[in-house]
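A short write-up of the structure that comes next.
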Amino acid sequence: MRKFPEGFIWGTATASYQVEGATREGGRGRSIWDTFAHTPGKVAQGHHGDVACDHYHRYLDDIQLMKDLGISSYRFSIAWPRVMPEKGRVWVKGLDFYKRLIHALLEAGIRPAVTIYHWDLPQWIEDDGGWNSRETVSRFREYSEILFRELGDLVPMWITHNEPWCASILGYGLGAHAPGLCDWRRAYRAAHHLLLSHGHTVRLYRELGLKGEIGITLNLTPVYPASSRPEDVAAAHRQDMFQNRWFLDPVLKGAYPEELLRRVDAVVGGFDAVQPGDLEVISAPIDFLGVNYYSRAVVADDPADPLLGVRHVPGEGPRTEMDWEVYPEGLYDLLSRLRRDYGDVPIYITENGAAYDDRVEGGSVHDTNRIEYLALHFAAAHRFLEEGGNLRGYYVWSLMDNFEWAFGYTKRFGIVYVDYETLARIPKDSYFWYQQVIRDRAIAP
Ligand SMILES: N#[N+]C[C@@H]1[C@@H](O)[C@H](O)[C@@H](O)[C@@H]2O[C@H]12
């Protein structure tokens with residue numbers, strides 16, 4: 001057996017807009033994802049999060065599932081529109097649901113890990129410029145301070161942002177996510193303001209003297225050249241800078257990659273969002289780095305690509321329902337690279353999992369492909385631990401099937417199946433497999 005260390009954190013993760021529903025309850029205002037999802041053509045089959053998994057009302061049953069699973073921590077996000085529903089209005093009662101959720105988790109012996117922002121920006125803030133506006137940085141700090149003052153003594157682990165790369169690039173550059181804009185200048189500005197708000201919030205956490213730990217979650221994708229040709233190796237370097245170092249370097253080294261700044265100049269005519277002192281704020285020391293890993297990228301040189309001069313090449317491995325290559329070696333390579341290039345920063349894998357075409361058969365879901373996916377990735381993490389890697393925990397994405405952003409409910413990532421007609425939960429075979437891993441604190445060799 002491959003044993004994990006005593007005290008290793010096993011968890012599951014979700015996010016507010018993806019599971020809660022109740023988008024008109026508790027005084028909640030509209031988010032950019034309410035707007036985006038209700039805009040025809042933006043989300044598969046016109047799906048939206050109005051009901052989602054109804055976690056808002058079913059959280060006690062969901063916590064029982066977590067308790068039976070045996071996890072030690074549950075990662076979830078707080079919906080900013082529940083706290084700041086409209087301009088000029090703070091609705092602290094909007095936190096009542098989260099206070100109930102957190103107390104129930106603590107009673108179940110489950111450590112709450114709170115993501116402050118997982119993409120559901122209040123619509124009124126987007127109307128005021130959203131992450132393209134530096135004003136949002138101070139609004140995020142104000143929002144964070146409310147959370148810290150109301151929940152700071154109950155919550156031991158805080159994540160400022162989830163995947164700021166996605167929130168900025170997909171939301172403002174490619175238009176694939178809310179708010180659905182296609183403007184690279186706004187995307188670069190949004191990325192900077194997300195990072196800046198992270199840094200100010202870390203500093204605030206320290207100023208308030210809170211005793212927990214705070215970090216940020218980045219979606220990181222190790223990049224491999226399609227061949228050993230120098231052109232392809234250089235292409236991989238450029239993609240790595242765009243995909244990973246853009247956020248890793250400011251947070252952990254206090255500087256953007258020089259080549260990125262040159263490319264930004266060339267593509268959007270200058271990085272005008274950075275002001276003196278910003279990078280010092282962004283690189284406020286963190287207690288951990290959250291890593292979301294799903295797959296790798298393989299790229300070749302392609303001069304026809306205006307942004308980076310790269311072309312993505314499909315890897316040889318099997319694919320998930322997201323058409324992502326199953327490549328567990330990439331997790332080990334990524335963790336090793338972080339240790340090599342960024343020092344021994346404590347790491348949590350804050351998301352890892354896979355979407356498959358799950359079917360209910362006789363009341364069960366035999367998702368052997370997801371068990372294999374998780375087993376291979378747990379083994380990669382174990383290899384890193386065996387080499388002295390500072391890995392503190394692993395959150396499986398996701399506890400339950402949920403609203404998969406632009407894919408709506410067509411992609412199932414959960415270890416618990418959700419029947420969207422009845423909202424019944426059915427633990428999949430992977431749930432019971434994970435339950436045994438947690439009991440054994442080990443995986444089979
Ligand atoms: N796609 N996909 C699954 C999963 C998504 O559901 C999460 O909300 C994101 O943090 C991250 O993209 C990963």
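All residue names refer to the structure tokens as shown: chains lettered A, B, ... in order, residues numbered from 1 in each chain, ligands numbered from 1 in order.
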Which residues are close to range 391-406 of chain A, i.e. within 6 Å by only C-alpha atoms, leaving aside same-chain residues fewer than 6 positions away? Reply as a VMD selection string.
chain A and resid 8 to 14 18 to 19 43 347 to 353 412 to 418
DSSP-assigned alpha helix (DSSP H) among range 146-200 of chain A, expressed as a compact mmCIF listing (two decimals) with C-alpha atoms, in the first residue's frame:
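Everything below was put into part22.txt:
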# COMPACT_ATOMS: atom_id res chain seq x y z
CA ILE A 146 -16.78 41.40 6.09
CA LEU A 147 -16.08 37.68 5.69
CA PHE A 148 -13.02 37.79 7.92
CA ARG A 149 -14.86 39.71 10.66
CA GLU A 150 -17.98 37.48 10.50
CA LEU A 151 -16.36 34.08 9.86
CA PRO A 164 -7.88 34.04 -11.80
CA TRP A 165 -6.58 32.90 -15.21
CA TRP A 184 -7.49 41.25 -24.56
CA ARG A 185 -6.69 44.62 -23.00
CA ARG A 186 -9.54 44.10 -20.52
CA ALA A 187 -8.37 40.52 -19.94
CA TYR A 188 -4.86 41.62 -18.99
CA ARG A 189 -6.21 44.40 -16.80
CA ALA A 190 -8.65 41.99 -15.14
CA ALA A 191 -5.85 39.52 -14.43
CA HIS A 192 -3.80 42.25 -12.78
CA HIS A 193 -6.69 43.51 -10.65
CA LEU A 194 -7.58 39.98 -9.55
CA LEU A 195 -3.99 39.47 -8.44
CA LEU A 196 -3.85 42.88 -6.78
CA SER A 197 -7.05 42.16 -4.85
CA HIS A 198 -5.51 38.87 -3.75
CA GLY A 199 -2.48 40.67 -2.32
CA HIS A 200 -4.51 43.31 -0.48
Within 10 Å of range 78-84 of chain A, counting only C-alpha atoms, which residues qualify if same-chain residues fewer than 4 places away don't, as a PyMOL selection string?
chain A and resi 15-17+20+23-32+88-98+114-125+139-140+142-144+146-147
Give me a file of those residues, with N, CA and C atoms, as a short mmCIF file (atom, residue, chain, number, x, y, z; two decimals), in the first residue's frame.
data_model
loop_
_atom_site.label_atom_id
_atom_site.label_comp_id
_atom_site.auth_asym_id
_atom_site.auth_seq_id
_atom_site.Cartn_x
_atom_site.Cartn_y
_atom_site.Cartn_z
N ALA A 15 -18.43 24.90 -5.61
CA ALA A 15 -18.42 26.36 -5.71
C ALA A 15 -19.86 26.86 -5.68
N SER A 16 -20.06 28.07 -5.17
CA SER A 16 -21.41 28.56 -4.88
C SER A 16 -22.34 28.49 -6.09
N TYR A 17 -21.97 29.13 -7.19
CA TYR A 17 -22.91 29.18 -8.33
C TYR A 17 -23.14 27.79 -8.91
N GLU A 20 -25.31 25.79 -5.34
CA GLU A 20 -26.28 26.30 -4.36
C GLU A 20 -27.72 26.40 -4.86
N THR A 23 -31.04 31.30 -6.08
CA THR A 23 -30.42 32.55 -6.53
C THR A 23 -31.28 33.78 -6.22
N ARG A 24 -32.50 33.55 -5.77
CA ARG A 24 -33.36 34.67 -5.40
C ARG A 24 -33.71 34.66 -3.92
N GLU A 25 -32.95 33.90 -3.15
CA GLU A 25 -33.28 33.77 -1.72
C GLU A 25 -32.24 34.43 -0.83
N GLY A 26 -32.64 34.71 0.39
CA GLY A 26 -31.71 35.25 1.39
C GLY A 26 -31.19 36.62 1.05
N GLY A 27 -31.88 37.32 0.16
CA GLY A 27 -31.46 38.67 -0.21
C GLY A 27 -30.37 38.71 -1.25
N ARG A 28 -30.09 37.58 -1.89
CA ARG A 28 -29.01 37.52 -2.89
C ARG A 28 -29.32 38.40 -4.07
N GLY A 29 -28.29 39.14 -4.55
CA GLY A 29 -28.41 39.92 -5.77
C GLY A 29 -27.98 39.09 -6.97
N ARG A 30 -28.04 39.67 -8.15
CA ARG A 30 -27.66 38.95 -9.37
C ARG A 30 -26.15 38.93 -9.50
N SER A 31 -25.65 37.83 -10.07
CA SER A 31 -24.22 37.74 -10.38
C SER A 31 -24.04 37.78 -11.90
N ILE A 32 -22.79 37.93 -12.31
CA ILE A 32 -22.53 37.94 -13.76
C ILE A 32 -22.88 36.58 -14.37
N GLY A 88 -23.86 49.97 -2.97
CA GLY A 88 -24.09 50.75 -1.76
C GLY A 88 -24.81 49.99 -0.67
N ARG A 89 -25.02 48.67 -0.88
CA ARG A 89 -25.76 47.90 0.14
C ARG A 89 -24.94 46.69 0.58
N VAL A 90 -24.66 46.61 1.87
CA VAL A 90 -24.01 45.44 2.46
C VAL A 90 -25.07 44.65 3.23
N TRP A 91 -25.16 43.36 2.95
CA TRP A 91 -26.23 42.52 3.52
C TRP A 91 -25.57 41.39 4.31
N VAL A 92 -25.13 41.70 5.53
CA VAL A 92 -24.39 40.71 6.31
C VAL A 92 -25.25 39.47 6.56
N LYS A 93 -26.58 39.66 6.61
CA LYS A 93 -27.46 38.50 6.80
C LYS A 93 -27.33 37.51 5.65
N GLY A 94 -26.78 38.02 4.54
CA GLY A 94 -26.56 37.11 3.40
C GLY A 94 -25.59 36.00 3.74
N LEU A 95 -24.86 36.19 4.85
CA LEU A 95 -23.91 35.16 5.29
C LEU A 95 -24.57 34.11 6.17
N ASP A 96 -25.85 34.29 6.49
CA ASP A 96 -26.50 33.36 7.43
C ASP A 96 -26.44 31.91 6.94
N PHE A 97 -26.62 31.73 5.62
CA PHE A 97 -26.54 30.36 5.07
C PHE A 97 -25.15 29.78 5.32
N TYR A 98 -24.12 30.60 5.10
CA TYR A 98 -22.74 30.10 5.28
C TYR A 98 -22.44 29.85 6.75
N VAL A 114 -12.67 27.96 2.73
CA VAL A 114 -13.52 28.90 2.01
C VAL A 114 -12.79 29.60 0.88
N THR A 115 -13.38 29.52 -0.32
CA THR A 115 -12.91 30.31 -1.46
C THR A 115 -13.71 31.60 -1.47
N ILE A 116 -13.03 32.71 -1.38
CA ILE A 116 -13.73 34.00 -1.30
C ILE A 116 -14.38 34.34 -2.65
N TYR A 117 -13.68 34.07 -3.75
CA TYR A 117 -14.22 34.38 -5.07
C TYR A 117 -14.06 33.23 -6.04
N HIS A 118 -15.19 32.68 -6.46
CA HIS A 118 -15.18 31.61 -7.47
C HIS A 118 -16.12 32.02 -8.60
N TRP A 119 -15.86 33.23 -9.15
CA TRP A 119 -16.35 33.71 -10.42
C TRP A 119 -17.72 34.39 -10.43
N ASP A 120 -18.48 34.33 -9.33
CA ASP A 120 -19.83 34.91 -9.36
C ASP A 120 -19.81 36.35 -8.85
N LEU A 121 -19.23 37.21 -9.67
CA LEU A 121 -19.13 38.64 -9.35
C LEU A 121 -20.51 39.28 -9.32
N PRO A 122 -20.82 40.14 -8.35
CA PRO A 122 -22.12 40.84 -8.40
C PRO A 122 -22.25 41.60 -9.71
N GLN A 123 -23.42 41.52 -10.31
CA GLN A 123 -23.63 42.14 -11.62
C GLN A 123 -23.42 43.66 -11.54
N TRP A 124 -23.81 44.28 -10.43
CA TRP A 124 -23.68 45.75 -10.30
C TRP A 124 -22.21 46.15 -10.33
N ILE A 125 -21.32 45.26 -9.87
CA ILE A 125 -19.89 45.60 -9.91
C ILE A 125 -19.39 45.49 -11.36
N ARG A 139 -13.28 47.10 -3.60
CA ARG A 139 -14.56 46.47 -3.25
C ARG A 139 -14.35 45.03 -2.80
N PHE A 140 -13.39 44.34 -3.45
CA PHE A 140 -13.10 42.96 -3.04
C PHE A 140 -12.51 42.95 -1.62
N GLU A 142 -13.10 45.12 0.72
CA GLU A 142 -14.22 45.41 1.65
C GLU A 142 -15.06 44.15 1.89
N TYR A 143 -15.32 43.43 0.81
CA TYR A 143 -16.08 42.17 0.89
C TYR A 143 -15.32 41.16 1.75
N SER A 144 -14.02 41.04 1.51
CA SER A 144 -13.20 40.09 2.27
C SER A 144 -13.19 40.44 3.75
N ILE A 146 -15.51 41.84 5.48
CA ILE A 146 -16.78 41.40 6.09
C ILE A 146 -16.70 39.91 6.41
N LEU A 147 -16.19 39.12 5.46
CA LEU A 147 -16.08 37.68 5.69
C LEU A 147 -15.13 37.38 6.85
#
Quick one: residues within 12 Å of Gly388 in chain A, only C-alpha atoms counted, chain neighbours fewer than 2 positions away excluded, as a list in words?
Phe4, Pro5, Leu335, Ser336, Arg339, Asp344, Pro346, Ala381, His382, Arg383, Phe384, Leu385, Glu386, Asn390, Leu391 and Arg392 of chain A
Please provide the set of residues having any atom within 12 Å of Asp249 in chain A, restricted to only C-alpha atoms, with same-chain residues fewer than 4 positions apart removed, written as a PyMOL selection string.
chain A and resi 195+218+240-245+253-258+260+279-280+282-283+338+341-343
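Among A:Ala104, A:Ile214, A:Ala236, A:Ala355, the residue with the shortest atom-to-atom distance to ligand 1, counting only C-alpha atoms and all ligand atoms, is A:Ala355.
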Excluding same-chain residues fewer than 3 positions from Ala44 in chain A, what lies within 9 Å of it counting only C-alpha atoms, as a ChimeraX atom specification?
/A:41,47,405-410
Which residue gives the smallest distance to ligand 1 among A:Val202, A:Leu220, A:Leu261, A:Ile71, with only C-alpha atoms and all ligand atoms counted?
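Comparing A:Val202, A:Leu220, A:Leu261, A:Ile71 against ligand 1, the winner is A:Leu220.
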One-decimal distance in Å that lies between CA of Ile110 in chain A and CA of Asp153 in chain A:
15.1 Å
Residue contacts of Arg296 in chain A (10 Å, only C-alpha atoms) excluding same-chain residues fewer than 4 positions away, as a compact mmCIF listing (two decimals) with N, CA, C and O atoms, in the first residue's frame:
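Dumped to selection-v5.txt:
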# COMPACT_ATOMS: atom_id res chain seq x y z
N LEU A 220 -3.19 25.24 -13.01
CA LEU A 220 -1.84 25.09 -13.57
C LEU A 220 -1.80 23.89 -14.50
O LEU A 220 -2.34 22.81 -14.18
N THR A 221 -1.22 24.12 -15.66
CA THR A 221 -1.18 23.10 -16.70
C THR A 221 0.25 22.92 -17.17
O THR A 221 0.80 23.81 -17.84
N PRO A 222 0.92 21.84 -16.83
CA PRO A 222 2.29 21.65 -17.31
C PRO A 222 2.30 21.55 -18.84
O PRO A 222 1.39 20.95 -19.42
N VAL A 223 3.28 22.16 -19.45
CA VAL A 223 3.33 22.26 -20.91
C VAL A 223 4.51 21.46 -21.43
O VAL A 223 5.63 21.58 -20.93
N TYR A 224 4.28 20.65 -22.45
CA TYR A 224 5.30 19.79 -23.05
C TYR A 224 5.44 20.11 -24.53
O TYR A 224 4.43 20.35 -25.21
N PRO A 314 -2.85 17.25 -29.62
CA PRO A 314 -3.46 16.32 -28.65
C PRO A 314 -2.43 15.31 -28.12
O PRO A 314 -1.65 14.76 -28.89
N GLY A 315 -2.43 15.08 -26.81
CA GLY A 315 -1.56 14.05 -26.26
C GLY A 315 -2.10 12.67 -26.61
O GLY A 315 -3.21 12.53 -27.13
N TRP A 324 -10.19 16.11 -22.29
CA TRP A 324 -8.88 16.37 -21.70
C TRP A 324 -8.13 15.04 -21.59
O TRP A 324 -8.70 14.02 -21.17
N GLU A 325 -6.86 15.10 -21.93
CA GLU A 325 -6.03 13.88 -21.84
C GLU A 325 -5.84 13.48 -20.37
O GLU A 325 -5.57 14.34 -19.52
N VAL A 326 -5.97 12.20 -20.09
CA VAL A 326 -5.66 11.70 -18.75
C VAL A 326 -4.14 11.55 -18.68
O VAL A 326 -3.57 10.71 -19.40
N TYR A 327 -3.49 12.39 -17.87
CA TYR A 327 -2.03 12.40 -17.86
C TYR A 327 -1.52 12.60 -16.43
O TYR A 327 -1.10 13.70 -16.06
N PRO A 328 -1.59 11.60 -15.60
CA PRO A 328 -1.22 11.76 -14.18
C PRO A 328 0.24 12.15 -13.98
O PRO A 328 0.57 12.84 -13.01
N GLU A 329 1.10 11.77 -14.92
CA GLU A 329 2.52 12.16 -14.80
C GLU A 329 2.64 13.68 -14.75
O GLU A 329 3.54 14.24 -14.14
N GLY A 330 1.68 14.34 -15.41
CA GLY A 330 1.72 15.80 -15.42
C GLY A 330 1.56 16.40 -14.04
O GLY A 330 2.13 17.45 -13.74
N LEU A 331 0.82 15.71 -13.17
CA LEU A 331 0.65 16.22 -11.80
C LEU A 331 1.99 16.13 -11.06
O LEU A 331 2.42 17.09 -10.41
N ASP A 333 4.98 16.01 -12.41
CA ASP A 333 5.91 16.97 -13.03
C ASP A 333 5.61 18.40 -12.57
O ASP A 333 6.51 19.19 -12.29
N LEU A 334 4.33 18.72 -12.49
CA LEU A 334 3.93 20.07 -12.07
C LEU A 334 4.37 20.34 -10.63
O LEU A 334 5.01 21.36 -10.33
Point out the residue among A:Ala273, A:Ala354, A:Ile286, A:Leu65 with the least atom-to-atom distance to Thr217 in chain A, counting only C-alpha atoms.
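For Thr217 in chain A, the nearest of the given residues is A:Ile286.
From CA of Ser227 in chain A back to CA of Val298 in chain A, the distance works out to 9.2 Å.
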I need the residue nearest Leu252 in chain A from this list: A:Gly180, A:Ile159, A:Val51, A:Ala284. Use only C-alpha atoms for the distance.
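Result for the nearest residue to Leu252 in chain A: A:Ala284.
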Interatomic distance (Å, one decimal) between CA of His177 in chain A and CA of Tyr74 in chain A
25.1 Å
